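S.K.: I am sharing structure-v8.txt, which consists of compact mmCIF, C-alpha atoms and all ligand atoms:
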```
# COMPACT_ATOMS: atom_id res chain seq x y z
CA MET A 1 -4.72 -0.18 37.91
CA SER A 2 -4.02 2.95 35.88
CA THR A 3 -6.81 4.95 34.25
CA HIS A 4 -5.44 3.87 30.92
CA GLN A 5 -5.70 0.15 31.68
CA ARG A 6 -9.14 0.66 33.17
CA SER A 7 -10.43 2.31 30.00
CA ASP A 8 -9.12 -0.62 27.91
CA ILE A 9 -11.45 -2.91 29.80
CA MET A 10 -14.37 -0.51 29.63
CA LEU A 11 -13.94 -0.20 25.87
CA SER A 12 -13.55 -3.91 25.17
CA PRO A 13 -16.09 -5.04 22.60
CA GLY A 14 -18.27 -7.64 24.24
CA GLY A 15 -17.52 -6.25 27.71
CA GLU A 16 -21.24 -6.26 28.39
CA GLN A 17 -20.97 -5.50 32.08
CA PRO A 18 -19.00 -2.28 32.35
CA GLY A 19 -17.46 -1.74 35.71
CA ARG A 20 -16.96 -5.45 36.45
CA GLU A 21 -13.43 -6.84 36.31
CA GLU A 22 -12.94 -9.49 33.66
CA SER A 23 -11.59 -12.74 35.12
CA THR A 24 -8.59 -14.54 33.63
CA MET A 25 -10.83 -17.48 32.77
CA GLU A 26 -13.34 -15.25 30.97
CA PHE A 27 -10.52 -13.74 28.96
CA ALA A 28 -9.11 -17.21 28.22
CA MET A 29 -12.50 -18.36 26.90
CA LYS A 30 -12.74 -15.27 24.71
CA MET A 31 -9.27 -15.99 23.32
CA PHE A 32 -10.15 -19.66 22.79
CA ASP A 33 -13.17 -18.60 20.71
CA ILE A 34 -10.85 -16.52 18.54
CA VAL A 35 -8.39 -19.40 18.10
CA LYS A 36 -11.20 -21.85 17.36
CA ALA A 37 -12.69 -19.51 14.77
CA GLY A 38 -9.28 -19.21 13.09
CA PHE A 39 -8.94 -22.99 12.75
CA VAL A 40 -12.52 -23.46 11.53
CA CYS A 41 -12.07 -20.57 9.07
CA MET A 42 -9.17 -22.45 7.43
CA ALA A 43 -11.20 -25.69 7.30
CA MET A 44 -14.09 -23.74 5.72
CA SER A 45 -11.71 -22.31 3.14
CA VAL A 46 -10.51 -25.80 2.26
CA GLY A 47 -14.09 -27.08 1.98
CA SER A 48 -15.09 -24.11 -0.15
CA ARG A 49 -12.12 -24.49 -2.48
CA ALA A 50 -12.68 -28.24 -2.79
CA GLY A 51 -16.39 -27.78 -3.58
CA LEU A 52 -17.67 -29.57 -0.48
CA PHE A 53 -20.26 -26.96 0.48
CA GLU A 54 -21.68 -27.19 -3.04
CA ALA A 55 -21.75 -30.99 -2.76
CA MET A 56 -23.59 -30.81 0.56
CA GLY A 57 -25.96 -28.21 -0.86
CA ARG A 58 -26.93 -30.66 -3.60
CA LEU A 59 -27.74 -33.42 -1.08
CA GLU A 60 -31.40 -33.14 -0.22
CA GLU A 61 -31.33 -35.78 2.51
CA PRO A 62 -29.02 -36.32 5.48
CA ALA A 63 -25.96 -38.32 4.42
CA THR A 64 -23.10 -40.29 5.94
CA CYS A 65 -19.50 -39.26 5.33
CA GLN A 66 -19.24 -42.04 2.75
CA GLU A 67 -22.36 -40.77 0.95
CA ILE A 68 -21.08 -37.19 1.03
CA ALA A 69 -17.72 -38.35 -0.34
CA ASP A 70 -19.43 -40.39 -3.06
CA ALA A 71 -21.68 -37.48 -4.04
CA ALA A 72 -18.67 -35.16 -4.20
CA GLY A 73 -16.43 -37.74 -5.90
CA MET A 74 -13.82 -37.30 -3.16
CA ARG A 75 -11.73 -39.37 -0.73
CA VAL A 76 -13.82 -40.29 2.29
CA ARG A 77 -10.88 -40.05 4.69
CA TYR A 78 -10.51 -36.32 4.02
CA VAL A 79 -14.24 -35.69 3.76
CA ARG A 80 -14.74 -37.29 7.19
CA GLU A 81 -12.25 -34.98 8.87
CA TRP A 82 -13.77 -31.93 7.20
CA VAL A 83 -17.27 -33.04 8.22
CA GLY A 84 -15.94 -33.40 11.77
CA ALA A 85 -14.67 -29.81 11.79
CA MET A 86 -17.92 -28.49 10.31
CA ALA A 87 -20.26 -30.53 12.53
CA THR A 88 -18.45 -29.84 15.81
CA SER A 89 -18.44 -26.11 15.07
CA GLY A 90 -22.14 -25.98 14.12
CA VAL A 91 -21.66 -25.21 10.43
CA ILE A 92 -23.51 -28.39 9.44
CA ASP A 93 -25.90 -30.46 11.55
CA VAL A 94 -25.68 -34.02 12.85
CA VAL A 95 -29.07 -35.56 12.07
CA ASP A 96 -28.85 -39.21 13.14
CA VAL A 97 -26.33 -40.03 15.83
CA GLU A 98 -26.58 -43.81 15.31
CA LYS A 99 -26.06 -43.73 11.56
CA GLU A 100 -23.84 -40.63 11.75
CA THR A 101 -25.65 -38.66 9.09
CA PHE A 102 -25.12 -34.96 8.42
CA PHE A 103 -27.08 -32.23 6.68
CA LEU A 104 -26.60 -28.69 5.50
CA PRO A 105 -29.86 -26.90 6.37
CA ARG A 106 -31.21 -24.98 3.38
CA HIS A 107 -31.20 -21.55 5.04
CA ARG A 108 -27.41 -21.80 5.46
CA ILE A 109 -26.73 -22.35 1.76
CA PRO A 110 -26.56 -18.63 0.79
CA ILE A 111 -24.09 -18.04 3.62
CA LEU A 112 -21.79 -20.92 2.67
CA LEU A 113 -21.85 -21.39 -1.11
CA SER A 114 -19.37 -18.95 -2.57
CA GLN A 115 -21.54 -17.75 -5.47
CA PHE A 116 -23.97 -15.98 -3.15
CA ARG A 117 -23.48 -12.34 -2.23
CA ARG A 118 -23.80 -12.90 1.49
CA SER A 119 -21.51 -15.93 1.51
CA VAL A 120 -18.76 -15.91 4.13
CA THR A 121 -16.62 -18.55 2.46
CA PRO A 122 -14.89 -16.15 0.02
CA PHE A 123 -13.66 -14.33 3.14
CA CYS A 124 -12.39 -17.64 4.56
CA GLN A 125 -10.46 -18.04 1.31
CA LEU A 126 -9.13 -14.50 1.67
CA ALA A 127 -7.82 -15.27 5.17
CA ASP A 128 -6.29 -18.43 3.73
CA CYS A 129 -4.64 -16.36 0.98
CA PHE A 130 -3.20 -13.90 3.52
CA ALA A 131 -1.94 -16.83 5.61
CA GLN A 132 0.54 -17.51 2.79
CA ALA A 133 2.40 -14.39 3.86
CA THR A 134 2.57 -14.66 7.64
CA GLY A 135 6.21 -15.82 7.68
CA GLU A 136 7.25 -12.85 5.57
CA VAL A 137 5.14 -10.40 7.57
CA VAL A 138 6.88 -11.52 10.77
CA LYS A 139 10.23 -10.56 9.23
CA CYS A 140 8.91 -7.05 8.46
CA PHE A 141 8.63 -6.21 12.16
CA ALA A 142 12.41 -6.31 12.58
CA LYS A 143 14.00 -2.89 12.11
CA ASP A 144 16.59 -4.44 9.81
CA GLY A 145 14.08 -6.76 8.14
CA PRO A 146 12.37 -6.34 4.77
CA THR A 147 10.01 -3.35 4.58
CA GLY A 148 7.22 -5.32 2.98
CA VAL A 149 6.02 -8.37 1.09
CA PRO A 150 5.74 -8.67 -2.71
CA TYR A 151 2.40 -9.32 -4.37
CA SER A 152 3.81 -12.58 -5.74
CA THR A 153 3.55 -14.08 -2.24
CA TYR A 154 -0.25 -13.87 -2.40
CA SER A 155 -0.70 -16.29 -5.28
CA THR A 156 -4.49 -16.62 -5.05
CA LEU A 157 -5.26 -12.97 -4.28
CA GLN A 158 -6.83 -11.80 -7.55
CA ASP A 159 -9.02 -14.88 -7.96
CA VAL A 160 -10.23 -14.68 -4.38
CA MET A 161 -10.87 -10.91 -4.57
CA TYR A 162 -12.92 -11.54 -7.70
CA LEU A 163 -14.91 -14.21 -5.85
CA VAL A 164 -15.46 -11.81 -2.95
CA ARG A 165 -16.53 -8.96 -5.25
CA ARG A 166 -18.29 -10.20 -8.34
CA SER A 167 -21.63 -11.32 -6.86
CA HIS A 168 -21.60 -8.31 -4.55
CA HIS A 169 -21.18 -5.86 -7.43
CA GLU A 170 -23.67 -7.79 -9.56
CA ASP A 171 -26.38 -7.29 -6.95
CA THR A 172 -25.59 -3.74 -5.92
CA LEU A 173 -23.58 -1.69 -8.42
CA VAL A 174 -26.17 -0.86 -11.08
CA ASP A 175 -29.30 -0.91 -8.92
CA HIS A 176 -28.01 0.70 -5.73
CA PHE A 177 -24.62 2.38 -6.14
CA ILE A 178 -24.89 4.21 -9.48
CA PRO A 179 -28.29 5.80 -8.60
CA THR A 180 -26.69 7.51 -5.57
CA ILE A 181 -24.78 9.76 -8.01
CA LYS A 182 -27.15 12.28 -9.54
CA GLY A 183 -27.28 12.16 -13.34
CA LEU A 184 -24.64 9.42 -13.70
CA GLN A 185 -26.97 6.74 -15.00
CA GLU A 186 -28.15 9.00 -17.84
CA LYS A 187 -24.56 9.85 -18.76
CA LEU A 188 -23.60 6.16 -18.76
CA GLU A 189 -26.56 5.43 -20.98
CA SER A 190 -25.67 8.12 -23.49
CA GLY A 191 -21.96 7.20 -23.55
CA ILE A 192 -18.98 8.35 -21.47
CA HIS A 193 -15.41 7.24 -20.71
CA VAL A 194 -15.00 5.50 -17.36
CA ILE A 195 -11.90 4.06 -15.70
CA ASP A 196 -11.46 1.88 -12.62
CA ILE A 197 -8.10 2.29 -10.85
CA GLY A 198 -6.56 -0.81 -9.21
CA CYS A 199 -9.36 -2.83 -10.74
CA GLY A 200 -8.03 -6.35 -10.11
CA ARG A 201 -10.00 -8.76 -12.30
CA ALA A 202 -12.34 -5.85 -12.99
CA ALA A 203 -15.71 -7.08 -11.75
CA PRO A 204 -17.27 -3.57 -11.73
CA SER A 205 -16.09 -2.69 -15.25
CA LEU A 206 -17.38 -5.98 -16.67
CA ILE A 207 -20.77 -5.51 -15.04
CA LEU A 208 -21.11 -1.86 -16.11
CA ALA A 209 -19.84 -2.55 -19.64
CA SER A 210 -22.57 -5.10 -20.15
CA ARG A 211 -25.28 -2.82 -18.75
CA PHE A 212 -24.13 0.40 -20.51
CA PRO A 213 -22.98 -0.54 -24.04
CA ASN A 214 -22.63 3.10 -25.20
CA SER A 215 -19.95 3.83 -22.60
CA THR A 216 -16.35 2.65 -22.63
CA PHE A 217 -14.83 1.08 -19.53
CA TYR A 218 -11.11 1.09 -18.89
CA GLY A 219 -9.43 -0.66 -16.01
CA ILE A 220 -5.82 -0.50 -14.86
CA ASP A 221 -3.90 -2.55 -12.35
CA LEU A 222 -0.28 -3.31 -11.51
CA ASP A 223 -0.97 -7.02 -11.95
CA PRO A 224 -0.64 -8.17 -15.59
CA LYS A 225 -2.29 -11.52 -14.78
CA ALA A 226 -5.37 -9.74 -13.47
CA MET A 227 -5.48 -7.63 -16.64
CA ALA A 228 -5.19 -10.75 -18.79
CA ALA A 229 -7.99 -12.45 -16.82
CA ALA A 230 -10.23 -9.37 -17.15
CA THR A 231 -9.58 -9.18 -20.91
CA LYS A 232 -10.35 -12.87 -21.28
CA GLU A 233 -13.57 -12.52 -19.29
CA ALA A 234 -14.64 -9.50 -21.38
CA SER A 235 -14.16 -11.49 -24.54
CA ALA A 236 -16.01 -14.51 -23.06
CA GLU A 237 -18.88 -12.13 -22.30
CA GLU A 238 -18.57 -10.68 -25.84
CA LEU A 239 -18.00 -7.16 -24.53
CA THR A 240 -16.48 -4.76 -27.04
CA ASN A 241 -16.45 -1.65 -24.84
CA THR A 242 -13.71 -2.54 -22.33
CA CYS A 243 -9.96 -2.02 -22.24
CA PHE A 244 -7.73 -3.42 -19.49
CA GLU A 245 -4.10 -2.37 -19.25
CA THR A 246 -1.24 -2.89 -16.84
CA HIS A 247 -0.16 0.45 -15.36
CA ASP A 248 0.99 1.92 -12.09
CA ALA A 249 -1.81 4.16 -10.75
CA ALA A 250 0.88 6.66 -9.81
CA LYS A 251 2.11 6.94 -13.41
CA LEU A 252 -0.65 6.69 -15.98
CA PRO A 253 -0.12 7.15 -19.73
CA ALA A 254 0.81 10.72 -20.70
CA ASP A 255 -1.86 10.89 -23.40
CA TRP A 256 -4.72 10.19 -20.97
CA SER A 257 -4.96 13.80 -19.72
CA ASN A 258 -8.61 14.98 -19.58
CA LYS A 259 -9.75 11.68 -21.12
CA PHE A 260 -12.25 10.37 -18.56
CA ASP A 261 -15.67 11.56 -17.39
CA TYR A 262 -15.84 9.27 -14.38
CA VAL A 263 -13.12 7.52 -12.35
CA THR A 264 -13.63 4.84 -9.71
CA ALA A 265 -11.26 3.19 -7.25
CA PHE A 266 -12.76 0.37 -5.21
CA ASP A 267 -10.75 -0.61 -2.17
CA ALA A 268 -7.50 0.04 -4.02
CA ILE A 269 -5.93 3.41 -3.14
CA HIS A 270 -4.88 2.27 0.34
CA ASP A 271 -2.81 -0.51 -1.28
CA VAL A 272 -1.02 1.83 -3.68
CA ALA A 273 2.55 2.60 -2.61
CA PHE A 274 2.32 6.28 -3.58
CA PRO A 275 -1.32 7.25 -3.10
CA GLU A 276 -0.78 11.02 -3.35
CA ASP A 277 0.74 10.53 -6.81
CA ALA A 278 -2.14 8.24 -7.77
CA LEU A 279 -4.71 10.86 -6.71
CA SER A 280 -2.93 13.54 -8.67
CA GLU A 281 -2.95 11.22 -11.70
CA VAL A 282 -6.69 10.71 -11.22
CA ARG A 283 -7.13 14.49 -11.37
CA ARG A 284 -5.00 14.72 -14.51
CA ILE A 285 -6.93 12.06 -16.43
CA LEU A 286 -10.34 13.40 -15.32
CA LYS A 287 -12.05 16.03 -17.44
CA PRO A 288 -12.68 19.32 -15.62
CA GLY A 289 -15.83 18.83 -13.55
CA GLY A 290 -15.52 15.03 -13.89
CA LEU A 291 -16.46 12.79 -10.98
CA PHE A 292 -14.33 10.45 -8.90
CA SER A 293 -15.82 7.74 -6.68
CA LEU A 294 -13.29 6.64 -4.10
CA VAL A 295 -14.59 3.62 -2.20
CA GLU A 296 -12.62 2.70 0.89
CA ILE A 297 -13.18 0.72 4.05
CA LYS A 298 -15.30 2.62 6.55
CA GLY A 299 -13.54 3.63 9.71
CA ASN A 300 -11.86 6.35 11.69
CA SER A 301 -8.20 7.20 11.43
CA LYS A 302 -7.61 6.54 15.17
CA ILE A 303 -7.59 2.94 16.41
CA SER A 304 -9.37 3.95 19.61
CA GLU A 305 -12.29 5.30 17.59
CA ASN A 306 -12.73 1.98 15.80
CA ILE A 307 -13.33 -0.06 18.96
CA GLY A 308 -16.75 -1.63 18.57
CA ASN A 309 -16.63 -1.38 14.75
CA PRO A 310 -17.69 -4.96 13.90
CA PHE A 311 -15.40 -4.95 10.86
CA GLY A 312 -12.41 -3.59 12.78
CA PRO A 313 -10.76 -6.92 13.67
CA VAL A 314 -11.04 -8.26 10.11
CA MET A 315 -9.92 -5.01 8.52
CA TYR A 316 -6.90 -4.35 10.74
CA SER A 317 -5.84 -7.99 10.31
CA THR A 318 -6.23 -7.69 6.54
CA SER A 319 -4.17 -4.55 6.70
CA LEU A 320 -1.43 -6.22 8.74
CA LEU A 321 -1.27 -9.37 6.64
CA HIS A 322 -1.62 -7.76 3.21
CA CYS A 323 -2.33 -4.07 2.63
CA VAL A 324 0.52 -2.50 4.59
CA PRO A 325 3.17 -5.04 3.48
CA VAL A 326 2.31 -4.85 -0.25
CA SER A 327 2.42 -1.06 -0.19
CA MET A 328 5.60 -0.82 1.87
CA HIS A 329 7.32 -3.43 -0.27
CA PHE A 330 8.00 -0.56 -2.68
CA LYS A 331 10.85 1.66 -1.50
CA GLY A 332 9.28 4.61 0.32
CA GLY A 333 5.78 3.08 0.04
CA LYS A 334 3.25 4.83 2.25
CA GLY A 335 1.54 1.76 3.77
CA LEU A 336 -1.74 3.56 4.42
CA GLY A 337 -3.48 0.42 5.61
CA THR A 338 -7.07 -0.68 5.14
CA ILE A 339 -8.53 1.62 7.79
CA TRP A 340 -6.65 4.79 7.00
CA GLY A 341 -9.93 6.38 7.98
CA LYS A 342 -12.30 9.13 7.01
CA GLN A 343 -10.22 12.00 8.38
CA SER A 344 -7.05 10.96 6.49
CA VAL A 345 -8.97 10.15 3.29
CA CYS A 346 -10.69 13.54 3.22
CA SER A 347 -7.51 15.47 3.89
CA MET A 348 -5.57 13.59 1.18
CA LEU A 349 -8.39 14.18 -1.32
CA GLN A 350 -8.48 17.88 -0.51
CA GLU A 351 -4.70 18.18 -0.72
CA ALA A 352 -4.89 16.57 -4.16
CA GLY A 353 -7.28 19.38 -5.14
CA PHE A 354 -10.57 17.48 -5.26
CA ARG A 355 -13.84 18.94 -4.11
CA VAL A 356 -15.38 16.32 -1.80
CA LEU A 357 -19.08 16.44 -2.69
CA GLY A 358 -20.14 13.85 -0.15
CA VAL A 359 -19.09 11.05 2.16
CA MET A 360 -21.75 8.37 1.90
CA ASP A 361 -22.51 4.84 2.96
CA VAL A 362 -22.24 2.29 0.18
CA PRO A 363 -25.72 0.77 -0.22
CA GLU A 364 -25.81 -2.87 0.90
CA VAL A 365 -22.10 -2.82 1.82
CA PRO A 366 -21.93 -1.65 5.44
CA GLU A 367 -18.15 -1.94 5.74
CA GLU A 368 -17.44 0.54 2.95
CA CYS A 369 -17.59 4.29 2.54
CA HIS A 370 -18.01 6.27 -0.69
CA TYR A 371 -16.15 9.56 -1.09
CA LEU A 372 -17.72 11.29 -4.08
CA CYS A 373 -15.37 13.92 -5.48
CA GLN A 374 -15.31 16.39 -8.32
CA ASN A 375 -12.31 17.55 -10.29
C1 LIG A 401 -7.73 -4.87 -2.61
S1 LIG A 401 -7.46 -5.02 -4.31
C2 LIG A 401 -8.97 -4.37 -4.95
C3 LIG A 401 -9.23 -4.81 -6.35
C4 LIG A 401 -10.56 -4.35 -6.94
N1 LIG A 401 -10.65 -2.92 -7.06
C5 LIG A 401 -11.70 -4.88 -6.12
O1 LIG A 401 -12.42 -4.11 -5.51
O2 LIG A 401 -11.85 -6.11 -6.10
C6 LIG A 401 -6.31 -3.70 -4.66
C7 LIG A 401 -5.83 -3.71 -6.08
O3 LIG A 401 -4.98 -2.58 -6.28
C8 LIG A 401 -3.93 -2.98 -7.15
N2 LIG A 401 -2.80 -2.04 -6.99
C9 LIG A 401 -2.01 -1.88 -5.92
N3 LIG A 401 -1.08 -0.93 -6.16
C10 LIG A 401 -1.31 -0.47 -7.41
C11 LIG A 401 -0.70 0.53 -8.22
N4 LIG A 401 0.34 1.24 -7.79
N5 LIG A 401 -1.19 0.72 -9.45
C12 LIG A 401 -2.24 0.01 -9.90
N6 LIG A 401 -2.86 -0.94 -9.18
C13 LIG A 401 -2.41 -1.18 -7.94
C14 LIG A 401 -3.63 -4.39 -6.72
O4 LIG A 401 -2.92 -5.12 -7.70
C15 LIG A 401 -5.02 -4.94 -6.46
O5 LIG A 401 -5.57 -5.51 -7.61
```
For this file, write the structure as structure tokens.
M.R.:
Amino acid sequence: MSTHQRSDIMLSPGGEQPGREESTMEFAMKMFDIVKAGFVCMAMSVGSRAGLFEAMGRLEEPATCQEIADAAGMRVRYVREWVGAMATSGVIDVVDVEKETFFLPRHRIPILLSQFRRSVTPFCQLADCFAQATGEVVKCFAKDGPTGVPYSTYSTLQDVMYLVRRSHHEDTLVDHFIPTIKGLQEKLESGIHVIDIGCGRAAPSLILASRFPNSTFYGIDLDPKAMAAATKEASAEELTNTCFETHDAAKLPADWSNKFDYVTAFDAIHDVAFPEDALSEVRRILKPGGLFSLVEIKGNSKISENIGNPFGPVMYSTSLLHCVPVSMHFKGGKGLGTIWGKQSVCSMLQEAGFRVLGVMDVPEVPEECHYLCQN
């Protein structure tokens, strides 16, 4: 065995006994766990979208499939199969074997009901959303195939991203994230212009606009439907200090030069086809001395340095199924990928002319990294 192959085994996450050869059967079991998790993940997404976890959360006693179906107002034949997938994978418990009753223990509710910050089911829905594109992604591998996949393929993306983000930002943005930037809270209270780039359905802007009524919160995104949804939500929340517009981050309105005091980009720049242009636009629209918070997935630029990163498998898969294809769909698109990594992020920021004031953890969000920059 070559040194190179040997080091692959030594570096394998979960290879708890370094130095011992992994058997074929051990590897097969590891692979089976991955396959099983993929199937269960899809069943969890279906249950989450259908409202079954919520229905089980409302049931205070163990229930049969018929009782669960009745409580949820659903067809028992489908509920039974879903219960089977959940019970055999340990997501819900079998309580009475004779009567076949099932229960969702209370401590699992925050992990399974999508409105909770620590819920995993929005991520199941995200995987489900990306699964819509697998056929098209396969074609992209061919040298004469398409270079990428259009956003239109991911029909549920914006709604699912909003589900993934909103409760997270609600719990962390104002109380934990903003205070990490010295003096920002006071400026937001007195009134400044803020813009979020690639904002999707604009969860952060909506939250900040409600908390800081003297400031004005803009958001831009390529997706007009996301902008319409954000505008609708702002009006439902009776916010008068927001403005959501459809623009390409790489080509912002000419009259926005020196307009903003603070710019944010949450998990968006790596999806942009021309990120260098977007960063130079951020500099143009920022006032001199203005701040830019670039939040990206934490990781190193080299794959080998991400082995053991617990978020690595999810992030590289997200990148493969969505981030790279949507960026490279545009002719000449860069396709940075989700884990373009600290080294590449810092060098692109510096090349754009930013002063990187700090590279920080994002409080309460271990998979993300905050690059605080000044114009
Ligand atoms: C992963 S999502 C993140 C959305 C949001 N910031 C969040 O944290 O939920 C990336 C967003 O970037 C947007 N986007 C991609 N390329 C863009 C571009 N060139 N200009 C503006 N927005 C873009 C996408 O439409 C998408 O809403």
S.K.: Counting all atoms listed in the file, which of A:Gly341, A:Gly335, A:Pro62, A:Pro105 gets nearest to ligand LIG 401 (chain A)?
M.R.: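 The shortest atom-to-atom distance to ligand LIG 401 (chain A) comes from A:Gly335.
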S.K.: Hey, which residues sit close to ligand LIG 401 (chain A)? Say within 8 Å, counting all atoms listed in the file, and write them as a ChimeraX atom specification.
M.R.: /A:151,158,161-162,164-166,196-204,220-223,226,246-250,265-275,278,323,326-327
S.K.: Would you output that residue set with C-alpha atoms, as a PDB file, in the frame of the given file?
M.R.:
```pdb
ATOM      1  CA  TYR A 151       2.400  -9.320  -4.370  1.00  0.00           C
ATOM      2  CA  GLN A 158      -6.830 -11.800  -7.550  1.00  0.00           C
ATOM      3  CA  MET A 161     -10.870 -10.910  -4.570  1.00  0.00           C
ATOM      4  CA  TYR A 162     -12.920 -11.540  -7.700  1.00  0.00           C
ATOM      5  CA  VAL A 164     -15.460 -11.810  -2.950  1.00  0.00           C
ATOM      6  CA  ARG A 165     -16.530  -8.960  -5.250  1.00  0.00           C
ATOM      7  CA  ARG A 166     -18.290 -10.200  -8.340  1.00  0.00           C
ATOM      8  CA  ASP A 196     -11.460   1.880 -12.620  1.00  0.00           C
ATOM      9  CA  ILE A 197      -8.100   2.290 -10.850  1.00  0.00           C
ATOM     10  CA  GLY A 198      -6.560  -0.810  -9.210  1.00  0.00           C
ATOM     11  CA  CYS A 199      -9.360  -2.830 -10.740  1.00  0.00           C
ATOM     12  CA  GLY A 200      -8.030  -6.350 -10.110  1.00  0.00           C
ATOM     13  CA  ARG A 201     -10.000  -8.760 -12.300  1.00  0.00           C
ATOM     14  CA  ALA A 202     -12.340  -5.850 -12.990  1.00  0.00           C
ATOM     15  CA  ALA A 203     -15.710  -7.080 -11.750  1.00  0.00           C
ATOM     16  CA  PRO A 204     -17.270  -3.570 -11.730  1.00  0.00           C
ATOM     17  CA  ILE A 220      -5.820  -0.500 -14.860  1.00  0.00           C
ATOM     18  CA  ASP A 221      -3.900  -2.550 -12.350  1.00  0.00           C
ATOM     19  CA  LEU A 222      -0.280  -3.310 -11.510  1.00  0.00           C
ATOM     20  CA  ASP A 223      -0.970  -7.020 -11.950  1.00  0.00           C
ATOM     21  CA  ALA A 226      -5.370  -9.740 -13.470  1.00  0.00           C
ATOM     22  CA  THR A 246      -1.240  -2.890 -16.840  1.00  0.00           C
ATOM     23  CA  HIS A 247      -0.160   0.450 -15.360  1.00  0.00           C
ATOM     24  CA  ASP A 248       0.990   1.920 -12.090  1.00  0.00           C
ATOM     25  CA  ALA A 249      -1.810   4.160 -10.750  1.00  0.00           C
ATOM     26  CA  ALA A 250       0.880   6.660  -9.810  1.00  0.00           C
ATOM     27  CA  ALA A 265     -11.260   3.190  -7.250  1.00  0.00           C
ATOM     28  CA  PHE A 266     -12.760   0.370  -5.210  1.00  0.00           C
ATOM     29  CA  ASP A 267     -10.750  -0.610  -2.170  1.00  0.00           C
ATOM     30  CA  ALA A 268      -7.500   0.040  -4.020  1.00  0.00           C
ATOM     31  CA  ILE A 269      -5.930   3.410  -3.140  1.00  0.00           C
ATOM     32  CA  HIS A 270      -4.880   2.270   0.340  1.00  0.00           C
ATOM     33  CA  ASP A 271      -2.810  -0.510  -1.280  1.00  0.00           C
ATOM     34  CA  VAL A 272      -1.020   1.830  -3.680  1.00  0.00           C
ATOM     35  CA  ALA A 273       2.550   2.600  -2.610  1.00  0.00           C
ATOM     36  CA  PHE A 274       2.320   6.280  -3.580  1.00  0.00           C
ATOM     37  CA  PRO A 275      -1.320   7.250  -3.100  1.00  0.00           C
ATOM     38  CA  ALA A 278      -2.140   8.240  -7.770  1.00  0.00           C
ATOM     39  CA  CYS A 323      -2.330  -4.070   2.630  1.00  0.00           C
ATOM     40  CA  VAL A 326       2.310  -4.850  -0.250  1.00  0.00           C
ATOM     41  CA  SER A 327       2.420  -1.060  -0.190  1.00  0.00           C
TER      42      SER A 327
END
```
S.K.: Please identify all polymer residues within 8 Å of segment 143-147 of chain A, counting all atoms listed in the file, omitting same-chain residues fewer than 4 positions from it, and present them as JSON, numbers by chain.
M.R.: {"A": [139, 325, 328, 329, 331]}
S.K.: Next, dump the selected residues to file, keeping only C-alpha atoms, as a short mmCIF file (atom, residue, chain, number, x, y, z; two decimals), in the frame of the given file.
M.R.:
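Below is the file that was written, result05.cif:
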```cif
data_model
loop_
_atom_site.label_atom_id
_atom_site.label_comp_id
_atom_site.auth_asym_id
_atom_site.auth_seq_id
_atom_site.Cartn_x
_atom_site.Cartn_y
_atom_site.Cartn_z
CA LYS A 139 10.23 -10.56 9.23
CA PRO A 325 3.17 -5.04 3.48
CA MET A 328 5.60 -0.82 1.87
CA HIS A 329 7.32 -3.43 -0.27
CA LYS A 331 10.85 1.66 -1.50
#
```
S.K.: Pick out the closest residue to Tyr78 of chain A from this set: A:Glu189, A:Ile111, A:Ala43, A:Thr216. Count all atoms listed in the file.
M.R.: A:Ala43
S.K.: Quick one: of A:Thr338, A:Asn258, A:Gln125, A:Ser304, who's nearest to Ser319 of chain A, counting all atoms listed in the file?
M.R.: A:Thr338
S.K.: Can you tell me how far atom CA of Glu245 of chain A sits from atom CA of Val174 of chain A, in Å to one decimal?
M.R.: 23.6 Å
S.K.: Quick one: pull the distance between atom CA of Asn375 of chain A and atom CA of Lys334 of chain A, Å, one decimal.
M.R.: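 Interatomic distance here is 23.7 Å.
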S.K.: Within 12 Å of Asp96 of chain A, counting all atoms listed in the file, which residues show up once you throw out same-chain ones fewer than 4 positions away? Write them as a ChimeraX atom specification, please.
M.R.: /A:61-64,100-103
S.K.: Write the residues you've just listed into a file as a JSON list (two decimals), in the coordinates of the input, and include C-alpha atoms for each of them.
M.R.:
```json
[["chain", "number", "residue", "atom", "x", "y", "z"],
["A", 61, "GLU", "CA", -31.33, -35.78, 2.51],
["A", 62, "PRO", "CA", -29.02, -36.32, 5.48],
["A", 63, "ALA", "CA", -25.96, -38.32, 4.42],
["A", 64, "THR", "CA", -23.10, -40.29, 5.94],
["A", 100, "GLU", "CA", -23.84, -40.63, 11.75],
["A", 101, "THR", "CA", -25.65, -38.66, 9.09],
["A", 102, "PHE", "CA", -25.12, -34.96, 8.42],
["A", 103, "PHE", "CA", -27.08, -32.23, 6.68]]
```
S.K.: Set the distance at 7 Å and use only C-alpha atoms: which residues neighbour Leu286 of chain A once local chain neighbours fewer than 2 positions away are removed? I'd like the list as a list in words.
M.R.: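 These residues fall inside the cut-off: Ser257, Asn258, Lys259, Phe260, Asp261, Tyr262, Val282, Arg283, Arg284, Pro288, Gly290 and Asn375 of chain A.
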S.K.: Enter the distance from atom CA of Ala55 of chain A to atom CA of Pro122 of chain A, in Å, rounded to one decimal.
M.R.: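 It comes out at 16.6 Å.
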S.K.: Residues within 6 Å of Leu294 of chain A, please, as a JSON list (two decimals) with C-alpha atoms, in the coordinates of the input. Count all atoms listed in the file; anything in the same chain fewer than 6 positions from it doesn't count.
M.R.:
```json
[["chain", "number", "residue", "atom", "x", "y", "z"],
["A", 264, "THR", "CA", -13.63, 4.84, -9.71],
["A", 265, "ALA", "CA", -11.26, 3.19, -7.25],
["A", 370, "HIS", "CA", -18.01, 6.27, -0.69],
["A", 371, "TYR", "CA", -16.15, 9.56, -1.09]]
```
S.K.: Taking into account all atoms listed in the file, which residue in the set A:Pro110, A:Leu206, A:Ser155, A:Ala85 is nearest to Lys225 of chain A?
M.R.: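 Going through A:Pro110, A:Leu206, A:Ser155, A:Ala85 one by one, the smallest distance to Lys225 of chain A is for A:Ser155.
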